[in-house]
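Source file: data-v7.txt. Holds: compact mmCIF, C-alpha atoms.
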# COMPACT_ATOMS: atom_id res chain seq x y z
CA SER A 1 -5.68 16.33 10.86
CA SER A 2 -8.62 14.65 12.59
CA ALA A 3 -11.09 16.72 10.52
CA ALA A 4 -9.49 15.49 7.27
CA SER A 5 -9.52 11.89 8.45
CA ASP A 6 -13.21 12.20 9.43
CA VAL A 7 -14.02 13.30 5.86
CA TYR A 8 -11.96 10.43 4.45
CA LYS A 9 -13.70 7.89 6.71
CA ARG A 10 -17.10 9.17 5.58
CA GLN A 11 -16.00 8.84 1.95
CA ILE A 12 -14.76 5.25 2.28
CA PHE A 13 -17.10 3.91 4.94
CA ASN A 14 -20.39 5.46 3.95
CA ASP A 15 -23.31 3.14 3.13
CA GLU A 16 -22.94 3.56 -0.62
CA ALA A 17 -19.22 2.74 -0.60
CA ILE A 18 -19.69 -0.30 1.66
CA ALA A 19 -22.45 -1.59 -0.64
CA LYS A 20 -20.18 -1.10 -3.65
CA LEU A 21 -17.35 -3.06 -2.06
CA TYR A 22 -19.11 -5.83 -0.17
CA VAL A 23 -22.47 -6.28 -1.93
CA ASN A 24 -21.86 -5.39 -5.58
CA GLY A 25 -18.20 -6.47 -5.73
CA GLU A 26 -17.21 -3.13 -7.29
CA ARG A 27 -13.91 -1.36 -6.82
CA ILE A 28 -13.44 2.14 -5.41
CA ARG A 29 -10.82 4.15 -7.24
CA LEU A 30 -8.53 6.22 -5.03
CA TRP A 31 -5.93 7.39 -7.55
CA GLU A 32 -5.33 7.29 -11.30
CA ASP A 33 -2.64 8.21 -13.78
CA THR A 34 -1.61 6.96 -17.22
CA TYR A 35 1.42 5.01 -18.41
CA GLU A 36 2.02 4.24 -22.08
CA GLU A 37 -1.56 5.30 -22.86
CA GLN A 38 -3.05 2.83 -20.37
CA PRO A 39 -4.79 3.72 -17.10
CA LEU A 40 -2.63 3.21 -14.02
CA VAL A 41 -4.99 3.03 -11.04
CA MET A 42 -5.04 2.30 -7.32
CA GLU A 43 -8.34 0.89 -6.07
CA LEU A 44 -9.93 -0.65 -2.99
CA TRP A 45 -11.43 -4.08 -3.64
CA PHE A 46 -12.97 -6.94 -1.68
CA HIS A 47 -13.13 -10.53 -2.84
CA GLY A 48 -14.15 -13.51 -0.73
CA GLY A 49 -11.00 -15.55 -1.30
CA GLN A 50 -8.82 -13.19 0.72
CA ARG A 51 -10.51 -13.50 4.11
CA LYS A 52 -7.53 -15.27 5.66
CA GLU A 53 -5.15 -12.42 4.75
CA GLY A 54 -7.32 -9.33 5.09
CA CYS A 55 -10.74 -7.83 4.66
CA LEU A 56 -9.88 -5.48 1.81
CA SER A 57 -7.24 -5.12 -0.88
CA LEU A 58 -5.51 -2.07 -2.26
CA VAL A 59 -4.77 -3.00 -5.87
CA LEU A 60 -2.40 -1.26 -8.28
CA SER A 61 -3.38 -2.05 -11.89
CA LEU A 62 -2.16 -1.07 -15.33
CA GLY A 63 -4.96 -1.58 -17.83
CA ALA A 64 -6.24 -5.13 -17.25
CA ASP A 65 -3.07 -6.24 -15.42
CA GLU A 66 -2.93 -6.24 -11.63
CA LEU A 67 0.65 -5.38 -10.72
CA TYR A 68 0.53 -5.42 -6.91
CA GLN A 69 -2.00 -5.82 -4.17
CA ILE A 70 -1.88 -5.31 -0.42
CA MET A 71 -4.47 -7.16 1.66
CA PHE A 72 -5.36 -5.46 4.95
CA TRP A 73 -7.85 -5.09 7.78
CA LEU A 74 -8.57 -2.54 10.51
CA ALA A 75 -8.38 -3.47 14.20
CA PRO A 76 -7.21 -1.94 17.49
CA SER A 77 -3.52 -2.06 18.41
CA PRO A 78 -2.64 -4.48 21.24
CA GLU A 79 -0.32 -1.78 22.62
CA ASP A 80 -2.78 1.05 23.24
CA ASN A 81 -6.11 -0.06 21.74
CA GLU A 82 -5.89 2.70 19.08
CA MET A 83 -7.29 2.00 15.61
CA SER A 84 -4.63 0.44 13.37
CA LEU A 85 -4.25 -0.82 9.82
CA TRP A 86 -2.86 -4.38 9.56
CA ILE A 87 -1.26 -5.64 6.33
CA GLY A 88 -1.79 -9.38 5.84
CA ALA A 89 -0.06 -9.79 2.47
CA LEU A 90 1.83 -7.97 -0.28
CA GLN A 91 1.66 -9.76 -3.61
CA GLY A 92 2.98 -8.90 -7.06
CA THR A 93 2.33 -10.20 -10.55
CA PRO A 94 4.64 -13.07 -11.58
CA ASN A 95 5.02 -11.88 -15.18
CA GLY A 96 5.26 -8.10 -15.12
CA SER A 97 9.00 -7.53 -14.79
CA GLU A 98 9.32 -5.39 -17.94
CA ILE A 99 6.28 -3.30 -17.00
CA ILE A 100 7.67 -2.88 -13.47
CA LYS A 101 11.03 -1.69 -14.83
CA GLY A 102 9.29 0.84 -17.09
CA LEU A 103 7.07 2.15 -14.31
CA THR A 104 10.04 2.47 -11.96
CA LYS A 105 11.73 4.67 -14.54
CA ALA A 106 8.53 6.67 -15.13
CA PHE A 107 8.27 7.33 -11.37
CA PHE A 108 11.86 8.58 -11.23
CA GLY A 109 13.42 5.48 -9.69
CA TYR A 110 10.58 4.81 -7.22
CA ARG A 111 9.82 1.07 -7.30
CA THR A 112 6.27 -0.06 -7.97
CA LYS A 113 6.25 -2.06 -4.72
CA ASN A 114 7.10 1.14 -2.84
CA LEU A 115 4.38 3.00 -4.75
CA ILE A 116 1.61 0.70 -3.52
CA PHE A 117 3.07 0.75 0.00
CA TYR A 118 3.00 4.56 -0.15
CA GLY A 119 -0.65 4.15 -1.17
CA ILE A 120 -1.53 2.04 1.87
CA ARG A 121 0.30 4.50 4.13
CA ASN A 122 -1.98 7.22 2.77
CA VAL A 123 -5.05 5.04 3.43
CA ALA A 124 -3.89 4.53 7.04
CA ALA A 125 -3.26 8.27 7.47
CA GLY A 126 -6.55 9.20 5.81
CA LEU A 127 -8.48 6.92 8.14
CA GLY A 128 -6.77 8.42 11.17
CA CYS A 129 -5.03 5.16 12.14
CA LYS A 130 -2.41 5.54 14.88
CA HIS A 131 -0.44 2.43 13.92
CA LEU A 132 0.44 0.49 10.77
CA TYR A 133 1.42 -3.16 11.16
CA ALA A 134 2.76 -5.43 8.39
CA VAL A 135 2.92 -9.21 8.41
CA SER A 136 6.38 -10.79 8.70
CA ASN A 137 7.56 -13.85 6.77
CA ALA A 138 6.81 -15.96 9.85
CA GLY A 139 3.35 -14.44 10.21
CA TYR A 140 2.54 -14.93 6.54
CA TYR A 141 3.39 -18.62 6.70
CA ALA A 142 1.43 -18.99 9.95
CA MET A 143 -1.69 -17.44 8.42
CA ASN A 144 -1.38 -19.53 5.26
CA HIS A 145 -0.27 -22.86 6.68
CA VAL A 146 -2.86 -24.74 4.62
CA ARG A 147 -1.46 -23.30 1.40
CA ILE A 148 1.98 -24.93 1.29
CA ASP A 149 2.20 -24.30 -2.45
CA ARG A 150 2.50 -20.54 -1.87
CA LYS A 151 6.18 -19.70 -1.54
CA LEU A 152 7.40 -16.19 -0.84
CA LYS A 153 9.37 -15.03 -3.89
CA THR A 154 10.79 -12.08 -2.00
CA SER A 155 11.28 -11.56 1.73
CA LEU A 156 8.60 -9.45 3.37
CA ASP A 157 10.92 -8.90 6.35
CA ASP A 158 13.60 -7.36 4.10
CA PHE A 159 11.12 -4.99 2.46
CA TRP A 160 9.56 -3.84 5.75
CA GLN A 161 13.05 -3.19 7.18
CA GLU A 162 13.95 -1.18 4.05
CA CYS A 163 10.85 0.92 4.78
CA GLU A 164 12.00 1.65 8.36
CA GLY A 165 9.86 -1.07 9.96
CA GLN A 166 10.62 -2.41 13.44
CA ALA A 167 9.93 -6.01 14.48
CA CYS A 168 7.11 -6.29 17.04
CA LYS A 169 7.15 -8.39 20.21
CA ASP A 170 4.61 -10.49 18.31
CA GLN A 171 6.97 -11.99 15.76
CA ARG A 172 4.22 -12.22 13.16
CA PHE A 173 4.30 -8.44 12.52
CA PHE A 174 6.44 -5.36 11.97
CA GLU A 175 5.32 -1.89 13.02
CA MET A 176 5.75 0.56 10.14
CA PRO A 177 5.95 4.35 10.29
CA ILE A 178 2.86 5.80 8.63
CA GLU A 179 4.87 8.75 7.30
CA GLU A 180 7.52 7.86 4.76
CA TYR A 181 11.05 9.07 5.49
CA ARG A 182 12.42 11.18 2.66
CA LYS A 183 15.98 12.35 2.34
CA SER A 184 16.63 16.08 2.35
CA MET A 185 18.36 17.68 -0.63
CA GLU A 186 21.53 18.01 1.47
CA GLU A 187 21.66 14.22 1.94
CA LEU A 188 21.55 13.57 -1.81
CA LYS A 189 24.33 13.65 -4.38
CA PRO A 190 23.89 16.65 -6.73
CA SER A 191 23.23 14.25 -9.62
CA LYS A 192 20.20 12.79 -7.77
CA ARG A 193 18.54 16.05 -6.74
CA ALA A 194 16.54 16.74 -9.91
CA GLN A 195 15.15 13.19 -9.86
CA HIS A 196 14.24 13.61 -6.19
CA ARG A 197 12.37 16.87 -6.93
CA ARG A 198 10.38 15.21 -9.74
CA ARG A 199 9.61 12.23 -7.52
CA SER A 200 8.35 14.56 -4.76
CA VAL A 201 5.89 16.11 -7.22
CA SER A 202 4.58 12.60 -8.01
CA TYR A 203 4.23 11.85 -4.26
CA THR A 204 2.25 15.01 -3.68
CA HIS A 205 -0.02 14.31 -6.66
CA LEU A 206 -0.73 10.76 -5.44
CA ARG A 207 -1.35 11.77 -1.85
CA ALA A 208 -3.68 14.63 -2.74
CA HIS A 209 -5.77 12.41 -5.01
CA GLU A 210 -5.81 9.36 -2.77
CA THR A 211 -6.80 11.11 0.42
CA GLY A 212 -9.06 13.75 -1.14
CA ARG A 213 -11.07 11.89 -3.78
CA ASN A 214 -14.86 11.98 -3.49
CA LEU A 215 -16.24 8.48 -3.60

What is this structure when it is put down as structure tokens?
Amino acid sequence: SSAASDVYKRQIFNDEAIAKLYVNGERIRLWEDTYEEQPLVMELWFHGGQRKEGCLSLVLSLGADELYQIMFWLAPSPEDNEMSLWIGALQGTPNGSEIIKGLTKAFFGYRTKNLIFYGIRNVAAGLGCKHLYAVSNAGYYAMNHVRIDRKLKTSLDDFWQECEGQACKDQRFFEMPIEEYRKSMEELKPSKRAQHRRRSVSYTHLRAHETGRNL
């Protein structure tokens, strides 16, 4: 609702929060859980080196290890001038494959990459954004043309298409649905239904904390 998004905007974009992010270099925690007795957290963070890819990062960390981060900025849509969230990069840790496998199991088969993308969808929804755009492979290379050493280990295009994204007229971006499509119980094999129910509880827990936390 617009009232809920107004509260969320005041929480993230009040003077104290902006000073934390941009002046003090602190992180703002949106969600937390534990995994193997370590804190699993999703936080907003700004650091100067990411200006080319986005103005803020959403970072998923386990203890001292950063597992994934999404760099993003807010700007109007070229289609209708409505406020939109633009993803400039999705990056994962190069050496966390065992941790990622364990977390995927702990979240009932939900991949860690999908978990942080679900997080950024909640940020977009909480801020009342009408559109969510995500950089394509071509767009990523275009924005990072001076960094030829940075190769894409996995295809962004493939991931966005998995998440129901549609290629934009501007080939640098996909438009993503802000709401995640979830299969109904009838669409699932009986053997998958209990896992799906448990996963839905995790979704609800994450969304409630991420969009309702007082900053």

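Interatomic distance, CA of Gln166 in chain A against CA of Ile178 in chain A: 12.3 Å.
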
Taking into account all atoms listed in the file, which residue in the set A:Asp15, A:Asp157, A:Glu179, A:Glu164 is nearest to Ala125 in chain A?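 So, comparing all the options, the nearest one is A:Glu179.
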
Counting only C-alpha atoms, give me one row per residue of range 14-102 of chain A with an atom at most 10 Å from an atom of range 127-135 of chain A, showing the shortest contact pair and its distance in Å to one decimal, sorted by chain then residue number, as a tab-separated table.
residue	atom	partner	partner_atom	distance
A:Glu53	CA	A:Val135	CA	9.4
A:Ile70	CA	A:Ala134	CA	10.0
A:Phe72	CA	A:Ala134	CA	8.8
A:Leu74	CA	A:Cys129	CA	8.6
A:Ala75	CA	A:Cys129	CA	9.5
A:Pro76	CA	A:His131	CA	8.8
A:Ser77	CA	A:His131	CA	7.1
A:Glu79	CA	A:His131	CA	9.7
A:Asp80	CA	A:Lys130	CA	9.5
A:Asn81	CA	A:Lys130	CA	9.6
A:Glu82	CA	A:Lys130	CA	6.1
A:Met83	CA	A:Cys129	CA	5.2
A:Ser84	CA	A:His131	CA	4.7
A:Leu85	CA	A:Leu132	CA	5.0
A:Trp86	CA	A:Tyr133	CA	4.7
A:Ile87	CA	A:Ala134	CA	4.5
A:Gly88	CA	A:Val135	CA	5.4
A:Ala89	CA	A:Val135	CA	6.7
A:Leu90	CA	A:Val135	CA	8.8

Proximity to Leu58 in chain A - best of A:Met71, A:Ala138, A:Ala17, A:Ile100, all atoms listed in the file: A:Met71

Tell me, in Å to one decimal, how far CA of Trp160 in chain A is from CA of Ser136 in chain A.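 Pair CA of Trp160 in chain A / CA of Ser136 in chain A returns 8.2 Å.
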
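With distances taken over all atoms listed in the file, A:Trp45 is the one residue among A:Trp45, A:Leu103, A:Cys163, A:Asn122 lying closest to Val23 in chain A.
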
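Of the residues under consideration (A:Tyr118, A:Tyr35, A:Phe159, A:Tyr140), A:Tyr35 shows the shortest atom-to-atom contact distance to Ile99 in chain A when counting only C-alpha atoms.
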
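In terms of minimum interatomic distance to Glu66 in chain A, A:Thr112 ranks closest within A:Gln171, A:Asn14, A:Thr112, A:Thr104, counting only C-alpha atoms.
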
For Asn137 in chain A, the nearest of the candidates A:Ala167, A:Leu40, A:Leu60, A:Ile116, counting all atoms listed in the file: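 Answer, going by the shortest atom-to-atom distance: A:Ala167.
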
When you look at Met42 in chain A with a cut-off of 7 Å (counting only C-alpha atoms), what residues show up, excluding the ones that are within fewer than 4 positions of it in the same chain? I need them as a PyMOL selection string. chain A and resi 29-32+58-61

So how many Å separate CA of Thr93 in chain A and CA of Tyr68 in chain A, to one decimal?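 Between CA of Thr93 in chain A and CA of Tyr68 in chain A the gap works out to 6.3 Å.
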